[in-house]
Structures are given as C-alpha cells and as structure tokens.
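Worksheet for the structure shown next.
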Amino acid sequence: MSETATITVGGKTVELPVITGTENEKAIDIAKLRALTGCITFDDGYGNTGSCLSNITFIDGETGILRYRGIDIAEVAEKSDFIETAMLVINGKFPTSAERRAFSSLIVENELLHENMRVQFQGFPPTAHPMAVLTAMINAMSCFHPHLMEIHDDAQFHEAAAKLLSKVRTIAAFSYKHSIGEPLIYPTASRGYTENFLHMMFKAPNNDYVPDPDVVRALDLLFILHADHEQNCSTSTVRMVGSSQANLFTSVSAGVSALWGKLHGGANQAVLEMLEGIHKRGDSIESVIAKCKDKNSDFRLMGFGHRVYKNFDPRAKIIKAACDKVLSKLGKEDPLLDIAKQLEAAALNDSYFVDRKLYPNVDFYSGIIMRAIGIPTNMFTVLFAIGRMPGWIANWKETRDNANARIYRPRQIYMGAAKRSYEEAKREVIQ
C-alpha cells in the first residue's frame with residue numbers, strides 16, 4: 001500500500017500521497033491540496049519545497065554527498081575532464097569514444113563568434129561588469145542562431161548545447177580583454193577546452209602564454225565541481241524561465257543573472273574582498289577569529305559553512321588538494337593567500353567552528369586558486385557560470401522533456417491592505 005500523509009484543516013481531513021526518491025528522500029505531494037482544502041502551503045525561500053522531479057544531481061547535505069547521475073563527485077573529479085562531465089550531466093550517461101569525438105568537434109566548430117556579435121563588445125564601457133556582458137551576449141546568441149529558437153530533435157539540442165559550452169568561454173575572455181583595453185584573442189582549434197580559455201584570457205600580441213598543466217587541471221577541476229548543484233537559485237531560475245517555453249539561450253541568460261548575486265555565485269568574490277579587508281586593516285588572525293565568535297560583531301566569515309551542507313562540502317576536499325598543489329607549483333607570494341591559509345588552519349583547529357561544522361567551502365578555495373592563476377576578482381563569477389553551464393542546459397532539457405510540465409506559477413499569501421475605495425486611499429495620503 002502506498003504511503004500517505006494526513007492533514008486536517010477546518011475539521012476536514014484529507015490524505016495526500018507521499019513520493020519516495022531513489023535515495024529514500026520523502027516528499028508530500030500537495031498538488032491537490034488547494035482543491036481539497038482551499039489552502040496552500042507557505043515556505044519562505046522554498047527551503048522545504050521540492051519544485052520538480054529530477055534525475056540529474058543528488059545531494060545529501062547532512063553527510064556531505066554530491067553525485068552527478070549517481071556517480072560520486074570525488075570519482076568524477078579524479079577520472080573525468082570537464083567536457084566528459086558535461087556530457088554526463090547533460091545526457092545522463094558517459095559518451096562513447098565516437099560520441100565524445102563528435103561533441104568535441106562541435107565545441108571546436110562553434111568556438112568563434114559571429115563578427116557582428118563580436119563588435120557588440122565595443123558598445124559596452126570598459127568598466128562594465130563581465131557578468132552583465134555575459135548575460136547580455138548569451139541572450140543575444142538567439143538572434144544569431146534563429147534556427148535554434150525552437151528545438152525539435154536531439155541533433156538541434158546538441159548543437160545548441162555545444163554552442164553555449166563553447167561560446168561562453170569566448171564571450172568571457174573577450175569581455176575581460178575589452179575591460180583592460182587589450183586586443184581580443186581568438187581561440188585555437190589545437191587547444192583543449194580549459195587551456196583554450198586561459199589562452200584567450202592571458203595571451204597578448206606581444207607575449208605568448210603557455211599555461212602550466214597543473215593550472216589547466218586545477219581550473220578544469222573547478223569547472224567539474226561547479227557543473228551542477230541541484231535546485232539552487234540560478235538553476236531554478238533556468239527551469240522557471242524554460243517552463244514558459246523560452247528558448248535555451250534566454251533561459252540560461254536568466255540563470256547567469258541569478259548567479260551574479262553575492263549570496264550565490266558572488267560568494268567566492270566575497271571571500272577575496274574579505275581577505276583584502278583583513279589585509280588592509282592589518283587584523284591578526286586571532287582578532288578575526290574572535291570577531292567571528294562575537295555575537296555583537298557584524299563581521300562575516302565568508303567561504304565557511306554552506307546552506308545545504310551541514311558537514312564538509314565534498315567539493316572543498318577536492319579543490320583544497322588542487323589549491324595546495326597550484327600554490328606550491330606557482331610559488332606565489334601573496335599576502336591574501338597567506339591570510340587565507342592561516343585563517344583556514346585556525347578555523348579547522350578551533351572547536352567553535354568544528355562543533356558548528358563551519359568548514360571552508362568550495363567558494364573559499366576556488367577564490368584562492370583563481371587569484372593565484374591571475375584571474376581578476378570580477379571574473380570569478382563568470383568562471384562559475386562557465387562551469388555551471390552543463391547543469392543549466394540539463395535542467396532546461398529536463399523541464400522541456402516533461403510531458404506533464406506546466407509553466408511555473410508559485411502562489412503567495414497576500415498581506416496587503418484589505419478592500420478599500422479610491423477615496424479612502426486618497427484620504428490616507430492627505431492626512
């Protein structure tokens with residue numbers, strides 16, 4: 001017999017079905033709650049609301065588990081690269097050798113921008129935030145590929161996915177070059193996905209750039225670790241926009257805008273800004289730790305703890321090892337990196353943080369790595385967007401493939417003024 005939940009409202013008792021996921025997560029199906037009782041649920045911020053059934057990513061925040069399509073993130077990070085991971089997330093399975101070659105060819109074929117699209121960068125001021133440029137240019141892609149405004153088969157979908165994955169790097173690198181007044185550097189077909197991005201970022205006409213293989217691998221790992229993360233703010237935004245039958249480019253552009261917020265994709269930038277503040281003020285590590293424990297202090301320790309993970313962020317364990325390797329390899333002398341390492345060591349050995357499970361998260365280490373590589377702070381969230389692209393694409397497709405899907409339309413509890421006349425409202429203003 002199927003499990004049910006019983007709810008009593010106004011003396012009327014109704015039974016609602018209970019859905020059990022493959023990892024034994026349980027959810028009360030309230031789809032008919034309003035029809036049966038006249039009530040809706042209230043869940044500010046959707047912290048306890050399942051908005052969809054998904055096959056893409058599983059998270060158990062209590063035990064620190066993250067899996068892409070059932071595979072533990074540690075195993076994916078150790079054995080895969082970003083393009084293979086993207087294909088796993090998007091398609092639900094690893095590609096065959098032939099499928100991998102075909103998709104990689106699509107990535108190469110689509111890495112250039114239409115020249116009319118390229119010149120649009122000149123319309124942005126050099127001070128424009130690269131996330132503003134990214135969301136605008138991704139949305140503009142739909143103008144240059146009108147045949148993909150409506151996707152009718154798998155071949156069209158894979159073409160659109162390849163265009164987004166490939167061109168997002170080019171757009172990101174071009175926006176950086178424009179901001180610093182340097183010529184735009186085109187991608188080259190002979191380089192791998194992540195190496196090509198670094199090439200476009202750091203090569204100059206008078207100076208070649210050959211990235212260290214450990215740097216390439218560290219950045220590739222960052223992309224892998226950010227490929228998807230269940231129904232976060234930006235992914236939910238992509239699904240919501242996609243539910244209106246908006247095209248893939250527009251839906252993903254909305255995801256970029258959601259990611260821009262400092263409480264979401266901007267968290268790694270906030271980490272570096274925090275470290276810069278500590279350095280500028282000359283704060284000791286002891287005083288910083290003391291401020292964290294002081295209930296009356298408005299200081300926030302950025303990059304520690306997580307909304308979902310109540311244990312160690314599994315991505316942080318992986319990226320910490322890469323971080324240590326890159327810093328050692330590059331031999332960077334950077335006071336902010338020194339502060340970060342001291343802060344990490346102090347927190348991990350302090351019972352206040354350990355007891356509350358306030359461990360460094362992926363944002364803490366990713367910001368350190370990107371700074372060591374030479375990525376400017378305002379580009380941190382852009383790199384997050386590059387990494388998250390597979391998850392956005394996969395979630396958009398999952399929404400569109402759902403035969404029973406409806407346009408997203410949350411309810412609300414109205415708390416405003418009761419019915420009143422125009423004259424009554426006017427009198428309030430006059431008084």
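By order in the structure tokens, chains are A, B, ...; within a chain, residues start at 1; ligands start at 1, following the order shown.
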*Which parts of segment 44-292 of chain A does DSSP call strand (DSSP E or B) when run on the backbone here, written out as a VMD selection string?*
chain A and resid 57 to 60 65 to 68 71 to 72 204 207
Same residues, N, CA, C and O atoms, output as a compact mmCIF listing (two decimals), in the first residue's frame:
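Ended up saving to selection02.txt:
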# COMPACT_ATOMS: atom_id res chain seq x y z
N THR A 57 21.15 15.41 -10.40
CA THR A 57 22.11 15.52 -9.30
C THR A 57 21.46 15.17 -7.97
O THR A 57 20.33 15.57 -7.71
N PHE A 58 22.21 14.46 -7.13
CA PHE A 58 21.75 14.12 -5.78
C PHE A 58 22.69 14.75 -4.76
O PHE A 58 23.91 14.63 -4.87
N ILE A 59 22.10 15.40 -3.77
CA ILE A 59 22.87 15.98 -2.66
C ILE A 59 22.29 15.49 -1.34
O ILE A 59 21.06 15.49 -1.16
N ASP A 60 23.15 15.07 -0.45
CA ASP A 60 22.78 14.80 0.94
C ASP A 60 23.64 15.72 1.79
O ASP A 60 24.82 15.43 2.03
N ILE A 65 27.33 14.49 0.70
CA ILE A 65 27.35 13.69 -0.53
C ILE A 65 26.89 14.55 -1.70
O ILE A 65 25.91 15.29 -1.61
N LEU A 66 27.62 14.44 -2.82
CA LEU A 66 27.23 15.07 -4.08
C LEU A 66 27.49 14.06 -5.19
O LEU A 66 28.61 13.54 -5.31
N ARG A 67 26.47 13.76 -5.98
CA ARG A 67 26.62 12.80 -7.08
C ARG A 67 26.02 13.38 -8.35
O ARG A 67 24.94 13.94 -8.33
N TYR A 68 26.76 13.21 -9.46
CA TYR A 68 26.23 13.53 -10.78
C TYR A 68 25.74 12.23 -11.41
O TYR A 68 26.53 11.30 -11.60
N ILE A 71 26.96 9.16 -9.73
CA ILE A 71 28.39 8.95 -9.54
C ILE A 71 28.94 9.98 -8.57
O ILE A 71 28.71 11.19 -8.72
N ASP A 72 29.67 9.53 -7.55
CA ASP A 72 30.20 10.43 -6.53
C ASP A 72 31.12 11.46 -7.15
O ASP A 72 31.93 11.16 -8.05
N ALA A 204 48.82 37.81 -25.22
CA ALA A 204 48.80 39.17 -25.78
C ALA A 204 49.56 39.14 -27.10
O ALA A 204 50.37 38.23 -27.33
N ASN A 207 53.16 38.86 -26.45
CA ASN A 207 53.59 37.94 -25.41
C ASN A 207 52.77 36.65 -25.49
O ASN A 207 51.54 36.68 -25.41
*Find the spatial neighbours of Thr188 of chain A, counting only C-alpha atoms, within a cut-off of 10 Å - ignore same-chain residues fewer than 5 positions away - and output them as a list in words.*
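In the requested form, the answer reads Val108, Glu111, Leu112, Tyr193, Glu195, Asn196, Phe197, His199 and Met200 of chain A.
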*Contacts of segment 340-346 of chain A at 9 Å (only C-alpha atoms; same-chain gap of 6+ positions) as a ChimeraX atom specification*: /A:272,275,285-286,288-289,359-360,364-365,368
_Close residues, segment 228-240 of chain A itself excluded, 7 Å, only C-alpha atoms, min 4 positions apart in chain, as an MDAnalysis selection string_ = chainID A and resid 57:58 251:252 254:256 258:259 388 390:392 395:396 399 408
Based on the selection just made, write N, CA, C and O atoms of those residues as an mmCIF file, in the first residue's frame.
data_model
loop_
_atom_site.group_PDB
_atom_site.id
_atom_site.type_symbol
_atom_site.label_atom_id
_atom_site.label_comp_id
_atom_site.auth_asym_id
_atom_site.auth_seq_id
_atom_site.Cartn_x
_atom_site.Cartn_y
_atom_site.Cartn_z
ATOM 1 N N THR A 57 21.147 15.405 -10.401
ATOM 2 C CA THR A 57 22.112 15.520 -9.300
ATOM 3 C C THR A 57 21.463 15.174 -7.973
ATOM 4 O O THR A 57 20.327 15.567 -7.709
ATOM 5 N N PHE A 58 22.213 14.458 -7.130
ATOM 6 C CA PHE A 58 21.749 14.125 -5.784
ATOM 7 C C PHE A 58 22.691 14.745 -4.760
ATOM 8 O O PHE A 58 23.908 14.632 -4.873
ATOM 9 N N SER A 251 16.886 31.317 -21.463
ATOM 10 C CA SER A 251 16.742 30.684 -20.149
ATOM 11 C C SER A 251 18.068 30.667 -19.404
ATOM 12 O O SER A 251 18.127 30.962 -18.206
ATOM 13 N N VAL A 252 19.137 30.325 -20.117
ATOM 14 C CA VAL A 252 20.463 30.286 -19.493
ATOM 15 C C VAL A 252 20.938 31.691 -19.135
ATOM 16 O O VAL A 252 21.580 31.910 -18.103
ATOM 17 N N ALA A 254 19.095 34.062 -18.106
ATOM 18 C CA ALA A 254 18.442 34.367 -16.827
ATOM 19 C C ALA A 254 19.179 33.706 -15.672
ATOM 20 O O ALA A 254 19.297 34.284 -14.583
ATOM 21 N N GLY A 255 19.694 32.498 -15.914
ATOM 22 C CA GLY A 255 20.483 31.820 -14.885
ATOM 23 C C GLY A 255 21.751 32.589 -14.539
ATOM 24 O O GLY A 255 22.143 32.662 -13.375
ATOM 25 N N VAL A 256 22.390 33.160 -15.559
ATOM 26 C CA VAL A 256 23.589 33.976 -15.318
ATOM 27 C C VAL A 256 23.250 35.156 -14.420
ATOM 28 O O VAL A 256 23.989 35.484 -13.476
ATOM 29 N N ALA A 258 20.856 35.376 -12.207
ATOM 30 C CA ALA A 258 20.629 34.901 -10.840
ATOM 31 C C ALA A 258 21.940 34.559 -10.153
ATOM 32 O O ALA A 258 22.127 34.819 -8.951
ATOM 33 N N LEU A 259 22.872 34.004 -10.918
ATOM 34 C CA LEU A 259 24.166 33.608 -10.351
ATOM 35 C C LEU A 259 24.976 34.815 -9.892
ATOM 36 O O LEU A 259 25.803 34.707 -8.979
ATOM 37 N N ARG A 388 28.976 26.018 -14.540
ATOM 38 C CA ARG A 388 27.593 25.625 -14.277
ATOM 39 C C ARG A 388 26.780 25.411 -15.555
ATOM 40 O O ARG A 388 25.667 24.880 -15.515
ATOM 41 N N PRO A 390 26.723 23.163 -17.982
ATOM 42 C CA PRO A 390 26.113 21.843 -18.221
ATOM 43 C C PRO A 390 24.864 21.602 -17.384
ATOM 44 O O PRO A 390 23.869 21.058 -17.889
ATOM 45 N N GLY A 391 24.891 22.001 -16.123
ATOM 46 C CA GLY A 391 23.736 21.800 -15.261
ATOM 47 C C GLY A 391 22.543 22.608 -15.712
ATOM 48 O O GLY A 391 21.401 22.122 -15.695
ATOM 49 N N TRP A 392 22.763 23.848 -16.126
ATOM 50 C CA TRP A 392 21.664 24.679 -16.625
ATOM 51 C C TRP A 392 21.056 24.061 -17.880
ATOM 52 O O TRP A 392 19.827 23.999 -18.023
ATOM 53 N N ASN A 395 19.066 20.870 -16.939
ATOM 54 C CA ASN A 395 17.807 21.158 -16.254
ATOM 55 C C ASN A 395 16.788 21.774 -17.204
ATOM 56 O O ASN A 395 15.590 21.505 -17.089
ATOM 57 N N TRP A 396 17.241 22.603 -18.127
ATOM 58 C CA TRP A 396 16.333 23.153 -19.131
ATOM 59 C C TRP A 396 15.726 22.030 -19.953
ATOM 60 O O TRP A 396 14.513 21.993 -20.186
ATOM 61 N N THR A 399 13.160 19.941 -18.042
ATOM 62 C CA THR A 399 11.871 20.644 -17.959
ATOM 63 C C THR A 399 11.095 20.513 -19.264
ATOM 64 O O THR A 399 9.892 20.239 -19.271
ATOM 65 N N TYR A 408 5.755 27.384 -14.533
ATOM 66 C CA TYR A 408 5.928 27.600 -13.102
ATOM 67 C C TYR A 408 5.096 28.802 -12.673
ATOM 68 O O TYR A 408 5.150 29.867 -13.296
#
_Residues within 12 Å of segment 321-326 of chain A, only C-alpha atoms, excluding chain neighbours under 6 positions, as a VMD selection string_ = chain A and resid 74 77 to 78 211 to 222 225 314 to 315 332 337 to 338 340 to 341 362 to 374
Output N, CA and C atoms for every residue in the selection just made, as an mmCIF file, in the first residue's frame.
data_model
loop_
_atom_site.group_PDB
_atom_site.id
_atom_site.type_symbol
_atom_site.label_atom_id
_atom_site.label_comp_id
_atom_site.auth_asym_id
_atom_site.auth_seq_id
_atom_site.Cartn_x
_atom_site.Cartn_y
_atom_site.Cartn_z
ATOM 1 N N ALA A 74 33.754 12.868 -6.104
ATOM 2 C CA ALA A 74 35.191 12.609 -5.971
ATOM 3 C C ALA A 74 35.683 11.720 -7.104
ATOM 4 N N ALA A 77 35.652 13.759 -10.394
ATOM 5 C CA ALA A 77 36.759 14.719 -10.421
ATOM 6 C C ALA A 77 38.097 14.035 -10.664
ATOM 7 N N GLU A 78 38.267 12.842 -10.117
ATOM 8 C CA GLU A 78 39.541 12.123 -10.262
ATOM 9 C C GLU A 78 39.728 11.568 -11.670
ATOM 10 N N PRO A 211 50.086 27.914 -20.506
ATOM 11 C CA PRO A 211 49.684 27.607 -19.135
ATOM 12 C C PRO A 211 50.327 26.336 -18.617
ATOM 13 N N ASP A 212 50.635 26.341 -17.336
ATOM 14 C CA ASP A 212 51.169 25.158 -16.675
ATOM 15 C C ASP A 212 50.091 24.077 -16.660
ATOM 16 N N PRO A 213 50.432 22.820 -16.950
ATOM 17 C CA PRO A 213 49.431 21.741 -16.944
ATOM 18 C C PRO A 213 48.688 21.606 -15.618
ATOM 19 N N ASP A 214 49.367 21.875 -14.504
ATOM 20 C CA ASP A 214 48.692 21.804 -13.201
ATOM 21 C C ASP A 214 47.673 22.926 -13.041
ATOM 22 N N VAL A 215 47.952 24.077 -13.629
ATOM 23 C CA VAL A 215 46.999 25.187 -13.606
ATOM 24 C C VAL A 215 45.782 24.836 -14.454
ATOM 25 N N VAL A 216 46.021 24.268 -15.629
ATOM 26 C CA VAL A 216 44.920 23.852 -16.504
ATOM 27 C C VAL A 216 44.053 22.825 -15.789
ATOM 28 N N ARG A 217 44.686 21.848 -15.147
ATOM 29 C CA ARG A 217 43.927 20.805 -14.461
ATOM 30 C C ARG A 217 43.140 21.371 -13.292
ATOM 31 N N ALA A 218 43.727 22.316 -12.551
ATOM 32 C CA ALA A 218 43.039 22.915 -11.400
ATOM 33 C C ALA A 218 41.790 23.666 -11.854
ATOM 34 N N LEU A 219 41.901 24.413 -12.953
ATOM 35 C CA LEU A 219 40.751 25.154 -13.451
ATOM 36 C C LEU A 219 39.704 24.204 -14.034
ATOM 37 N N ASP A 220 40.151 23.147 -14.694
ATOM 38 C CA ASP A 220 39.234 22.136 -15.203
ATOM 39 C C ASP A 220 38.460 21.488 -14.051
ATOM 40 N N LEU A 221 39.157 21.252 -12.944
ATOM 41 C CA LEU A 221 38.507 20.704 -11.749
ATOM 42 C C LEU A 221 37.443 21.653 -11.219
ATOM 43 N N LEU A 222 37.754 22.951 -11.215
ATOM 44 C CA LEU A 222 36.764 23.937 -10.761
ATOM 45 C C LEU A 222 35.507 23.864 -11.617
ATOM 46 N N LEU A 225 33.570 20.685 -10.677
ATOM 47 C CA LEU A 225 32.928 20.761 -9.363
ATOM 48 C C LEU A 225 31.717 21.696 -9.361
ATOM 49 N N PRO A 314 31.787 18.395 0.047
ATOM 50 C CA PRO A 314 32.643 17.394 -0.614
ATOM 51 C C PRO A 314 33.499 17.987 -1.723
ATOM 52 N N ARG A 315 33.038 19.069 -2.325
ATOM 53 C CA ARG A 315 33.827 19.722 -3.377
ATOM 54 C C ARG A 315 35.053 20.419 -2.793
ATOM 55 N N LYS A 332 53.628 31.328 -5.455
ATOM 56 C CA LYS A 332 53.077 32.675 -5.341
ATOM 57 C C LYS A 332 53.345 33.282 -3.965
ATOM 58 N N LEU A 337 46.797 35.288 0.051
ATOM 59 C CA LEU A 337 46.837 33.832 0.082
ATOM 60 C C LEU A 337 47.393 33.345 1.418
ATOM 61 N N ASP A 338 48.363 34.071 1.950
ATOM 62 C CA ASP A 338 48.909 33.718 3.268
ATOM 63 C C ASP A 338 47.837 33.851 4.350
ATOM 64 N N ALA A 340 44.628 33.628 3.913
ATOM 65 C CA ALA A 340 43.646 32.557 3.699
ATOM 66 C C ALA A 340 44.110 31.251 4.324
ATOM 67 N N LYS A 341 45.365 30.905 4.110
ATOM 68 C CA LYS A 341 45.880 29.644 4.656
ATOM 69 C C LYS A 341 45.907 29.672 6.182
ATOM 70 N N VAL A 362 33.601 25.311 -1.048
ATOM 71 C CA VAL A 362 34.256 25.378 -2.357
ATOM 72 C C VAL A 362 34.558 26.820 -2.758
ATOM 73 N N ASP A 363 33.753 27.778 -2.308
ATOM 74 C CA ASP A 363 33.982 29.183 -2.657
ATOM 75 C C ASP A 363 35.276 29.708 -2.046
ATOM 76 N N PHE A 364 35.612 29.212 -0.849
ATOM 77 C CA PHE A 364 36.827 29.661 -0.177
ATOM 78 C C PHE A 364 38.058 29.274 -0.998
ATOM 79 N N TYR A 365 38.131 28.027 -1.421
ATOM 80 C CA TYR A 365 39.307 27.560 -2.139
ATOM 81 C C TYR A 365 39.318 27.996 -3.599
ATOM 82 N N SER A 366 38.143 28.086 -4.221
ATOM 83 C CA SER A 366 38.116 28.463 -5.636
ATOM 84 C C SER A 366 38.615 29.890 -5.828
ATOM 85 N N GLY A 367 38.251 30.774 -4.907
ATOM 86 C CA GLY A 367 38.738 32.145 -5.000
ATOM 87 C C GLY A 367 40.251 32.227 -4.873
ATOM 88 N N ILE A 368 40.808 31.416 -3.981
ATOM 89 C CA ILE A 368 42.260 31.404 -3.786
ATOM 90 C C ILE A 368 42.970 30.907 -5.043
ATOM 91 N N ILE A 369 42.446 29.826 -5.624
ATOM 92 C CA ILE A 369 43.057 29.276 -6.841
ATOM 93 C C ILE A 369 43.004 30.292 -7.981
ATOM 94 N N MET A 370 41.842 30.896 -8.177
ATOM 95 C CA MET A 370 41.702 31.820 -9.299
ATOM 96 C C MET A 370 42.604 33.034 -9.131
ATOM 97 N N ARG A 371 42.760 33.497 -7.899
ATOM 98 C CA ARG A 371 43.672 34.623 -7.673
ATOM 99 C C ARG A 371 45.107 34.218 -7.996
ATOM 100 N N ALA A 372 45.495 33.008 -7.578
ATOM 101 C CA ALA A 372 46.849 32.532 -7.842
ATOM 102 C C ALA A 372 47.122 32.400 -9.338
ATOM 103 N N ILE A 373 46.106 31.980 -10.091
ATOM 104 C CA ILE A 373 46.244 31.839 -11.542
ATOM 105 C C ILE A 373 46.365 33.197 -12.218
ATOM 106 N N GLY A 374 45.785 34.222 -11.604
ATOM 107 C CA GLY A 374 45.818 35.556 -12.191
ATOM 108 C C GLY A 374 44.467 36.034 -12.675
#
*Between atom CA of Arg356 of chain A and atom CA of Leu336 of chain A, what is the distance, to one decimal in Å?*
25.4 Å
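Excluding Phe174 of chain A itself and any same-chain residue fewer than 2 positions from it, the protein and nucleic acid residues within 9 Å of it, counting only C-alpha atoms, are Arg118, Phe121, Arg169, Thr170, Ile171, Ala172, Tyr176, Lys177, His178, Ser179, Pro183, Leu184, Ile185, Tyr186, Met200 and Met201 of chain A.
If you measure from each of A:Ala189, A:Ala347, A:Leu165, A:Ala405 to Ser243 of chain A using only C-alpha atoms, the closest one turns out to be A:Ala405.
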Near-segment 410-427 of chain A list (12 Å; only C-alpha atoms; drop same-chain fewer than 5 positions) as a short mmCIF file (atom, residue, chain, number, x, y, z; two decimals) with all heavy atoms, in the first residue's frame:
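Full text of part-v8.cif as output:
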data_model
loop_
_atom_site.label_atom_id
_atom_site.label_comp_id
_atom_site.auth_asym_id
_atom_site.auth_seq_id
_atom_site.Cartn_x
_atom_site.Cartn_y
_atom_site.Cartn_z
N ALA A 31 -0.03 18.62 -4.67
CA ALA A 31 -0.59 19.16 -5.91
C ALA A 31 -2.09 19.42 -5.82
O ALA A 31 -2.61 20.36 -6.43
CB ALA A 31 -0.28 18.21 -7.07
N ARG A 34 -4.89 22.51 -2.51
CA ARG A 34 -5.80 23.66 -2.60
C ARG A 34 -7.19 23.22 -3.05
O ARG A 34 -8.22 23.70 -2.54
CB ARG A 34 -5.24 24.71 -3.55
CG ARG A 34 -6.05 26.00 -3.60
CD ARG A 34 -5.27 27.08 -4.34
NE ARG A 34 -5.99 28.33 -4.35
CZ ARG A 34 -6.83 28.71 -5.32
NH1 ARG A 34 -7.05 27.90 -6.34
NH2 ARG A 34 -7.44 29.88 -5.26
N CYS A 39 -6.59 25.48 0.91
CA CYS A 39 -5.35 26.04 1.47
C CYS A 39 -4.17 25.78 0.53
O CYS A 39 -4.17 24.85 -0.26
CB CYS A 39 -5.04 25.40 2.82
SG CYS A 39 -6.23 25.77 4.12
N ILE A 40 -3.15 26.63 0.67
CA ILE A 40 -1.86 26.38 0.04
C ILE A 40 -0.81 26.32 1.15
O ILE A 40 -1.12 26.59 2.32
CB ILE A 40 -1.49 27.48 -0.98
CG1 ILE A 40 -1.35 28.85 -0.27
CG2 ILE A 40 -2.52 27.56 -2.09
CD1 ILE A 40 -0.83 29.95 -1.19
N THR A 41 0.40 25.94 0.82
CA THR A 41 1.47 25.91 1.82
C THR A 41 2.25 27.22 1.76
O THR A 41 2.27 27.91 0.74
CB THR A 41 2.44 24.74 1.57
OG1 THR A 41 2.99 24.87 0.25
CG2 THR A 41 1.72 23.41 1.71
N PHE A 42 2.92 27.55 2.86
CA PHE A 42 3.80 28.72 2.91
C PHE A 42 5.20 28.25 3.26
O PHE A 42 5.40 27.60 4.28
CB PHE A 42 3.32 29.74 3.95
CG PHE A 42 4.27 30.90 4.12
CD1 PHE A 42 4.43 31.83 3.10
CD2 PHE A 42 5.00 31.06 5.29
CE1 PHE A 42 5.31 32.89 3.25
CE2 PHE A 42 5.88 32.11 5.45
CZ PHE A 42 6.04 33.04 4.42
N ASP A 43 6.17 28.56 2.39
CA ASP A 43 7.54 28.12 2.60
C ASP A 43 8.47 29.20 2.07
O ASP A 43 8.92 29.15 0.93
CB ASP A 43 7.78 26.78 1.87
CG ASP A 43 9.18 26.23 2.07
OD1 ASP A 43 9.84 26.66 3.03
OD2 ASP A 43 9.60 25.38 1.27
N ASP A 44 8.72 30.20 2.89
CA ASP A 44 9.53 31.35 2.50
C ASP A 44 10.91 30.90 2.02
O ASP A 44 11.65 30.26 2.76
CB ASP A 44 9.67 32.30 3.69
CG ASP A 44 10.21 33.66 3.29
OD1 ASP A 44 10.21 33.96 2.08
OD2 ASP A 44 10.64 34.42 4.17
N GLY A 45 11.26 31.23 0.78
CA GLY A 45 12.56 30.85 0.23
C GLY A 45 12.60 29.43 -0.30
O GLY A 45 13.66 28.97 -0.74
N TYR A 46 11.49 28.72 -0.27
CA TYR A 46 11.38 27.37 -0.82
C TYR A 46 12.35 26.37 -0.19
O TYR A 46 12.77 25.40 -0.83
CB TYR A 46 11.59 27.37 -2.35
CG TYR A 46 10.72 28.33 -3.10
CD1 TYR A 46 11.26 29.44 -3.74
CD2 TYR A 46 9.34 28.16 -3.15
CE1 TYR A 46 10.47 30.35 -4.41
CE2 TYR A 46 8.53 29.05 -3.83
CZ TYR A 46 9.09 30.15 -4.46
OH TYR A 46 8.30 31.05 -5.12
N THR A 49 10.55 22.97 -0.12
CA THR A 49 9.67 22.70 -1.25
C THR A 49 10.43 22.02 -2.38
O THR A 49 11.45 22.55 -2.84
CB THR A 49 9.04 24.00 -1.77
OG1 THR A 49 8.25 24.59 -0.75
CG2 THR A 49 8.17 23.73 -2.99
N SER A 51 10.47 21.44 -6.10
CA SER A 51 9.81 22.06 -7.25
C SER A 51 9.73 21.14 -8.46
O SER A 51 9.06 21.47 -9.43
CB SER A 51 10.55 23.34 -7.63
OG SER A 51 11.87 23.05 -8.04
N MET A 240 12.49 27.80 -14.33
CA MET A 240 11.29 28.63 -14.32
C MET A 240 11.12 29.34 -15.66
O MET A 240 10.03 29.34 -16.24
CB MET A 240 11.34 29.64 -13.18
CG MET A 240 10.14 30.59 -13.17
SD MET A 240 9.99 31.56 -11.67
CE MET A 240 9.25 30.37 -10.56
#
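Counting only C-alpha atoms and comparing A:Ala86, A:Leu348, A:Met137, A:Ala102, the residue that lies closest to His226 of chain A is A:Ala86.
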*Atomic distance atom CA of Gly61 of chain A - atom CA of Lys310 of chain A, expressed in Å with one decimal*: 5.5 Å
